[in-house]
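Visitor: Below: one structure in structure tokens.
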Amino acid sequence: MKKIRAQKITRMVAKLCQQANYELGDDVLTALKETRQKEVSPLARYALEKIMQNTAVAMQQDLPLCQDCGTAVIFLEVGQDVHITDGDINQAIVEGVSRGYRRGFLRKSMVNKPFSSRINTGDNTPPVIHTKIVPGSQLRIAVIPKGGGAENMSRLAMLKPGDGNQGVVDAVLKTIDEAGGNPCPPLIIGLGIGGTTEKAMLLAKEALLRKLGESNHDPEVARLEKDILRRVNDLGIGALGLGGSITALAVHAEVYPTHIASLPVAINLQCHSARHREAVL
């Protein structure tokens, strides 16, 4: 059995929160560069150039990529042979988020009493934690700072089973068309298809962790991803909603079996600042 001290988890979470907010992954940077080269609209190309400049400054000076440093969404894969010592794993993560956001000068956006007084918690806690028990003796931590603009444009559609493939496509196109420039395109579109309402939404967010542009292993799902991406880019919304040929960088879909009477489709949007960092302890 592998033992991991809670304090080590706290330090790692704090580090990941800062890295995720300061630096885009190589896959996202490559996609943005390629998009700038392919984009046919001069105005959209100009917007993409400014996005790239902003990215470079943030990485060089350890500054947030965006003023919205997001809700800290944490995905944990806990090996069944891992034992956490000297503290509670959830509290260790809360402390890590608090430390990372305070010391990293990251904007604190979490509020208590969300439908009334909306009092800022002061350190961007609590995070949203999703935990999965897996075989092995490792602890994998993934941190996604999820900005409010893109999250607000995300949707859940409860389709009829007969709606099928076309229903899924139509639900995504309707969501993106209504969102316009609000989620700060070019986007990464996370899709969760099947399961129940909460399972579909979780699948959609998990899909955002996939390496950008990496297709689903199921050929049928991969074809759906490709078809939706083409249709989304035909909408002409473009970078930051300024018009153009590229509205989304990728569509990542995850599928799960569902009830005979259901077809849940969750659409979780991620802005061009697709921030996430992972570590294994």
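Identifiers in the structure tokens: chain A, B, ... in order shown; residue index from 1 per chain; ligand index from 1 in order shown.
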Using DSSP assignments from the backbone, pull out every residue in segment 11-159 of chain A that falls under helix (DSSP H, G or I) and give it to me as a ChimeraX atom specification.

Guide: /A:11-22,26-38,42-61,89-103,148-152

Visitor: So which residues touch Ala253 of chain A within 7 Å, counting only C-alpha atoms, skipping near sequence neighbours fewer than 4 positions away, as a PyMOL selection string?

Guide: chain A and resi 190-192+204+207+216+221+225

Visitor: Can I get the selection written as a PDB file, in the first residue's frame, with C-alpha atoms?

Guide:
ATOM      1  CA  GLY A 190     -17.246  18.791 -24.310  1.00  0.00           C
ATOM      2  CA  LEU A 191     -20.164  16.421 -24.930  1.00  0.00           C
ATOM      3  CA  GLY A 192     -21.594  13.868 -22.544  1.00  0.00           C
ATOM      4  CA  ALA A 204     -19.017  16.474 -20.757  1.00  0.00           C
ATOM      5  CA  ALA A 207     -14.132  15.257 -22.016  1.00  0.00           C
ATOM      6  CA  ASN A 216     -12.815   9.221 -29.306  1.00  0.00           C
ATOM      7  CA  VAL A 221     -18.355   8.640 -31.827  1.00  0.00           C
ATOM      8  CA  GLU A 225     -17.258  14.634 -33.224  1.00  0.00           C
TER       9      GLU A 225
END

Visitor: I'd like the contact shell of Gly236 of chain A - 10 Å cut-off, only C-alpha atoms, skipping same-chain residues fewer than 6 positions apart - returned as a ChimeraX atom specification.

Guide: /A:41,177,180,242-247

Visitor: Write out the residues from the selection above, keeping C-alpha atoms, as a CSV table (one decimal), in the first residue's frame.

Guide:
chain,number,residue,atom,x,y,z
A,41,SER,CA,-11.4,36.6,-41.7
A,177,ASP,CA,-25.7,29.5,-32.1
A,180,GLY,CA,-22.5,33.5,-29.9
A,242,LEU,CA,-16.3,38.6,-34.5
A,243,GLY,CA,-17.2,36.4,-37.4
A,244,GLY,CA,-14.9,33.9,-39.1
A,245,SER,CA,-14.4,30.3,-40.3
A,246,ILE,CA,-13.4,28.7,-37.0
A,247,THR,CA,-15.7,28.9,-34.0

Visitor: Leaving out segment 136-138 of chain A and any residue of its chain fewer than 5 positions from it, which residues lie within 7 Å of it when counting only C-alpha atoms, given as a list in words?

Guide: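 Residues meeting the cut-off are Met1, Lys2, Val78, Gly79, Gln80, Asp81, Val82, Val280 and Leu281 of chain A.
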
Visitor: Can those selected residues be exported to a file as a compact mmCIF listing (two decimals), in the first residue's frame so that it contains N, CA and C atoms?

Guide:
# COMPACT_ATOMS: atom_id res chain seq x y z
N MET A 1 0.84 -1.20 0.00
CA MET A 1 0.00 0.00 0.00
C MET A 1 0.88 1.26 0.00
N LYS A 2 0.55 2.19 -0.86
CA LYS A 2 1.31 3.44 -0.95
C LYS A 2 0.69 4.48 -0.03
N VAL A 78 -8.18 8.00 -7.51
CA VAL A 78 -7.52 7.49 -6.31
C VAL A 78 -7.32 5.99 -6.46
N GLY A 79 -6.07 5.55 -6.52
CA GLY A 79 -5.79 4.13 -6.58
C GLY A 79 -6.29 3.43 -5.32
N GLN A 80 -6.87 2.26 -5.47
CA GLN A 80 -7.45 1.57 -4.32
C GLN A 80 -6.38 1.10 -3.33
N ASP A 81 -5.11 1.15 -3.76
CA ASP A 81 -4.02 0.78 -2.86
C ASP A 81 -3.31 2.01 -2.29
N VAL A 82 -3.94 3.17 -2.39
CA VAL A 82 -3.38 4.41 -1.83
C VAL A 82 -4.00 4.67 -0.46
N VAL A 280 0.63 13.26 -11.01
CA VAL A 280 0.44 11.93 -10.42
C VAL A 280 1.37 11.82 -9.21
N LEU A 281 0.79 11.43 -8.07
CA LEU A 281 1.58 11.23 -6.85
C LEU A 281 1.66 9.73 -6.55

Visitor: Mind checking DSSP for segment 138-195 of chain A and telling me the strand (DSSP E or B) residues as a PDB file with N, CA and C atoms, in the first residue's frame?

Guide:
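Writing done, so here's result_28.pdb:
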ATOM      1  N   LEU A 139      -2.158   8.351  -7.157  1.00  0.00           N
ATOM      2  CA  LEU A 139      -3.184   9.382  -7.030  1.00  0.00           C
ATOM      3  C   LEU A 139      -2.977  10.377  -8.159  1.00  0.00           C
ATOM      4  N   ARG A 140      -3.953  10.464  -9.059  1.00  0.00           N
ATOM      5  CA  ARG A 140      -3.893  11.410 -10.166  1.00  0.00           C
ATOM      6  C   ARG A 140      -4.788  12.603  -9.837  1.00  0.00           C
ATOM      7  N   ILE A 141      -4.225  13.794  -9.982  1.00  0.00           N
ATOM      8  CA  ILE A 141      -4.963  15.029  -9.699  1.00  0.00           C
ATOM      9  C   ILE A 141      -4.998  15.874 -10.968  1.00  0.00           C
ATOM     10  N   ALA A 142      -6.198  16.258 -11.389  1.00  0.00           N
ATOM     11  CA  ALA A 142      -6.353  17.168 -12.518  1.00  0.00           C
ATOM     12  C   ALA A 142      -7.121  18.391 -12.053  1.00  0.00           C
ATOM     13  N   VAL A 143      -6.592  19.570 -12.368  1.00  0.00           N
ATOM     14  CA  VAL A 143      -7.202  20.834 -11.965  1.00  0.00           C
ATOM     15  C   VAL A 143      -7.668  21.578 -13.210  1.00  0.00           C
ATOM     16  N   ILE A 144      -8.950  21.940 -13.228  1.00  0.00           N
ATOM     17  CA  ILE A 144      -9.501  22.765 -14.311  1.00  0.00           C
ATOM     18  C   ILE A 144     -10.075  24.038 -13.706  1.00  0.00           C
ATOM     19  N   PRO A 145      -9.448  25.191 -13.928  1.00  0.00           N
ATOM     20  CA  PRO A 145     -10.091  26.453 -13.547  1.00  0.00           C
ATOM     21  C   PRO A 145     -11.175  26.772 -14.590  1.00  0.00           C
ATOM     22  N   LYS A 146     -12.436  26.671 -14.204  1.00  0.00           N
ATOM     23  CA  LYS A 146     -13.541  26.770 -15.169  1.00  0.00           C
ATOM     24  C   LYS A 146     -14.190  28.146 -15.092  1.00  0.00           C
ATOM     25  N   ARG A 155     -25.159  23.633 -21.505  1.00  0.00           N
ATOM     26  CA  ARG A 155     -26.555  23.222 -21.489  1.00  0.00           C
ATOM     27  C   ARG A 155     -26.697  21.714 -21.310  1.00  0.00           C
ATOM     28  N   LEU A 156     -27.876  21.318 -20.808  1.00  0.00           N
ATOM     29  CA  LEU A 156     -28.280  19.917 -20.738  1.00  0.00           C
ATOM     30  C   LEU A 156     -29.574  19.774 -21.522  1.00  0.00           C
ATOM     31  N   ALA A 157     -29.593  18.855 -22.472  1.00  0.00           N
ATOM     32  CA  ALA A 157     -30.795  18.589 -23.264  1.00  0.00           C
ATOM     33  C   ALA A 157     -31.253  17.162 -22.992  1.00  0.00           C
ATOM     34  N   MET A 158     -32.500  17.006 -22.600  1.00  0.00           N
ATOM     35  CA  MET A 158     -33.073  15.678 -22.398  1.00  0.00           C
ATOM     36  C   MET A 158     -33.891  15.325 -23.635  1.00  0.00           C
ATOM     37  N   LEU A 159     -33.248  14.614 -24.560  1.00  0.00           N
ATOM     38  CA  LEU A 159     -33.873  14.301 -25.836  1.00  0.00           C
ATOM     39  C   LEU A 159     -34.711  13.028 -25.748  1.00  0.00           C
ATOM     40  N   LEU A 187     -13.771  27.637 -29.308  1.00  0.00           N
ATOM     41  CA  LEU A 187     -14.157  26.807 -28.182  1.00  0.00           C
ATOM     42  C   LEU A 187     -13.590  25.395 -28.279  1.00  0.00           C
ATOM     43  N   ILE A 188     -13.571  24.739 -27.135  1.00  0.00           N
ATOM     44  CA  ILE A 188     -13.514  23.290 -27.075  1.00  0.00           C
ATOM     45  C   ILE A 188     -14.871  22.865 -26.535  1.00  0.00           C
ATOM     46  N   ILE A 189     -15.545  21.965 -27.249  1.00  0.00           N
ATOM     47  CA  ILE A 189     -16.890  21.540 -26.891  1.00  0.00           C
ATOM     48  C   ILE A 189     -16.820  20.156 -26.266  1.00  0.00           C
ATOM     49  N   GLY A 190     -17.185  20.075 -24.988  1.00  0.00           N
ATOM     50  CA  GLY A 190     -17.246  18.791 -24.310  1.00  0.00           C
ATOM     51  C   GLY A 190     -18.671  18.267 -24.354  1.00  0.00           C
ATOM     52  N   LEU A 191     -18.841  17.033 -24.843  1.00  0.00           N
ATOM     53  CA  LEU A 191     -20.164  16.421 -24.930  1.00  0.00           C
ATOM     54  C   LEU A 191     -20.226  15.184 -24.044  1.00  0.00           C
ATOM     55  N   GLY A 192     -21.304  15.082 -23.290  1.00  0.00           N
ATOM     56  CA  GLY A 192     -21.594  13.868 -22.544  1.00  0.00           C
ATOM     57  C   GLY A 192     -22.917  13.332 -23.039  1.00  0.00           C
ATOM     58  N   ILE A 193     -22.917  12.113 -23.539  1.00  0.00           N
ATOM     59  CA  ILE A 193     -24.122  11.537 -24.135  1.00  0.00           C
ATOM     60  C   ILE A 193     -24.461  10.251 -23.394  1.00  0.00           C
ATOM     61  N   GLY A 194     -25.674  10.191 -22.835  1.00  0.00           N
ATOM     62  CA  GLY A 194     -26.111   8.987 -22.155  1.00  0.00           C
ATOM     63  C   GLY A 194     -26.046   9.107 -20.646  1.00  0.00           C
ATOM     64  N   GLY A 195     -26.220   7.971 -19.979  1.00  0.00           N
ATOM     65  CA  GLY A 195     -26.241   7.952 -18.527  1.00  0.00           C
ATOM     66  C   GLY A 195     -27.511   8.592 -17.992  1.00  0.00           C
TER      67      GLY A 195
END

Visitor: At what distance in Å, to one decimal, does atom CA of Ala248 of chain A lie from atom CA of Tyr46 of chain A?

Guide: 16.7 Å
